[in-house]
Amino acid sequence: MITVSVDVMGGDFGPEVAIPGLAKSLDRYPDLRFQLFGIEDKCVPFLDQFPKLKNASEFFHCDVAVRMDDKPSKALRHGRWRSSMWRSIEAVKNGEADVCVSAGNTGALMAMARFCLRTMANIERPAIAAIWPTLRGESIVLDVGATVGADAQQLIDFSMMGAAMARALFEIDRPTVGLLNIGVEEIKGQEEVKEAGRILKVSELPGMHYRGFVEGDDLGKGTVDVVVTEGFSGNIALKAAEGTARQIGEYLRAAMNRTWLARIGYLMAKSAFDRLREKMDPNKVNGGVFLGLNGIVIKSHGGTDADGFAAAVDVAHDMARNNLISKIEDDLKLFHARMPVNGELVEENQG
């Protein structure tokens, strides 16, 4: 069984979306069990509508719900120990749940997760990894907002964590990894990016295949399984992609309503347009993964619907089922055992 702790109050719609989403995910994964944290009188009426989910869940009343506009510092001051967000994270820390899911305030969730779970050994800063739709299927992009600015070692850490996530999510033995840069040539880019690329190239870690630098258009192409960048550029890329998807959708909608001939054409090609809409729907790939912590936390879009929340829970199931934390720990130990010194690998038998 996989036990998921859920901040039911998180997001724009709280239990109205979270509870139906949990029911959908339970239908797909009967091995799921839930610990639900929220305000009782707001959650139980929705939970009573789903008897199967209720039988697979424990509900815990919380006095406080973190608001979407709360500053992280305020959320920590007023929500530590007693909010639905904190207690859902704490359940992972205490070993009562395998993974936590929340659609709540991203800054507050990251602050609470870092405070409660702490970062893993040899990890200075955590990252948020997003699942990115591509022409080849899906890729992982990190960091998309947790760490603004990153040095070479942090980019290397992100690479190892992203590769471990790709192995857990996509079941690939040796996922391809690329560093996002302004060009594919080794002489281009910031010094931190070039240094990280040099070290990854000589490290030859068995858990990943480092492919070198990738550019912005490679995100959509799916050139590599994992794209690594720091949080400022990663977040801009994520928001730009989501905005472009909505823009294209609006263009298509306007074009289809312009003339009666266009409407007829739309009806004849409706199935193709439906497939395109599904591909462009951010809810279908919902679920950002907080990496680098001593526990798994999944961040759902705050404005998602029930299908989107279920997708985030599906990601949580896969991360826990495939032992994401163990994979990251193993990769980190191997890297630091073979840490490059002046461009040459340390022999393992020399410590």
# chains A, B, ... in the order shown; residues from 1 in each chain; ligands from 1
>>> closest_atom_pairs(of="range 128-196 of chain A", to="range 325-328 of chain A", cutoff="9 Å", atoms="only C-alpha atoms", output="CSV")
residue,atom,partner,partner_atom,distance
A:Met160,CA,A:Ile328,CA,6.9
A:Met161,CA,A:Ile328,CA,5.6
A:Gly162,CA,A:Ile328,CA,8.7
A:Ala163,CA,A:Ile328,CA,8.4
A:Ala164,CA,A:Ile328,CA,5.6
A:Met165,CA,A:Ile328,CA,8.0
A:Arg167,CA,A:Lys327,CA,8.4
A:Ala168,CA,A:Lys327,CA,8.1
>>> residues_around(residues="Met9 in chain A", least_positions_apart="4", cutoff="12 Å", atoms="only C-alpha atoms", output="PyMOL selection string")
chain A and resi 13-19+36-44+60-68+83-88+101-105+302
>>> closest_residue(among="A:Val202, A:Leu142, A:Leu332, A:Ala97", to="Ala129 in chain A", atoms="only C-alpha atoms")
A:Leu142
>>> closest_residue(among="A:Ile89, A:Leu47, A:Ile2, A:Val315", to="Leu109 in chain A", atoms="only C-alpha atoms")
A:Ile89
>>> atom_distance(atom1="CA of Val313 in chain A", atom2="CA of Thr3 in chain A")
10.7 Å
>>> closest_atom_pairs(of="range 283-311 of chain A", to="range 238-259 of chain A", cutoff="12 Å", atoms="only C-alpha atoms", output="JSON lines")
{"residue": "A:Asn283", "atom": "CA", "partner": "A:Glu242", "partner_atom": "CA", "distance": 10.7}
{"residue": "A:Val285", "atom": "CA", "partner": "A:Glu242", "partner_atom": "CA", "distance": 11.5}
{"residue": "A:Asn286", "atom": "CA", "partner": "A:Glu242", "partner_atom": "CA", "distance": 11.8}
{"residue": "A:Gly288", "atom": "CA", "partner": "A:Leu238", "partner_atom": "CA", "distance": 11.3}
{"residue": "A:His301", "atom": "CA", "partner": "A:Glu242", "partner_atom": "CA", "distance": 11.8}
>>> atom_distance(atom1="CA of Ala196 in chain A", atom2="CA of Ile172 in chain A")
22.9 Å
>>> residues_around(residues="Glu138 in chain A", least_positions_apart="2", cutoff="9 Å", atoms="only C-alpha atoms", output="PyMOL selection string")
chain A and resi 131-136+140+170+222+225+285
>>> residues_around(residues="range 71-73 of chain A", least_positions_apart="2", cutoff="7 Å", atoms="only C-alpha atoms", output="mmCIF file with N, CA and C atoms, in the first residue's frame")
data_model
loop_
_atom_site.group_PDB
_atom_site.id
_atom_site.type_symbol
_atom_site.label_atom_id
_atom_site.label_comp_id
_atom_site.auth_asym_id
_atom_site.auth_seq_id
_atom_site.Cartn_x
_atom_site.Cartn_y
_atom_site.Cartn_z
ATOM 1 N N ASP A 69 -2.582 33.512 -0.653
ATOM 2 C CA ASP A 69 -1.827 34.757 -0.690
ATOM 3 C C ASP A 69 -0.981 34.982 0.564
ATOM 4 N N ALA A 75 2.892 32.026 6.948
ATOM 5 C CA ALA A 75 2.396 30.649 6.984
ATOM 6 C C ALA A 75 3.138 29.836 8.039
ATOM 7 N N LEU A 76 4.446 30.046 8.143
ATOM 8 C CA LEU A 76 5.226 29.330 9.148
ATOM 9 C C LEU A 76 4.854 29.766 10.560
ATOM 10 N N ARG A 77 4.672 31.071 10.743
ATOM 11 C CA ARG A 77 4.360 31.571 12.086
ATOM 12 C C ARG A 77 3.009 31.064 12.578
ATOM 13 N N GLY A 107 5.132 28.986 -2.214
ATOM 14 C CA GLY A 107 6.163 29.483 -1.324
ATOM 15 C C GLY A 107 6.018 28.942 0.080
ATOM 16 N N ALA A 108 4.786 28.927 0.593
ATOM 17 C CA ALA A 108 4.540 28.396 1.927
ATOM 18 C C ALA A 108 4.831 26.906 1.993
ATOM 19 N N ALA A 111 8.588 26.400 2.014
ATOM 20 C CA ALA A 111 9.152 26.814 3.294
ATOM 21 C C ALA A 111 8.857 25.785 4.381
#
>>> atom_distance(atom1="CA of His209 in chain A", atom2="CA of Thr176 in chain A")
4.6 Å
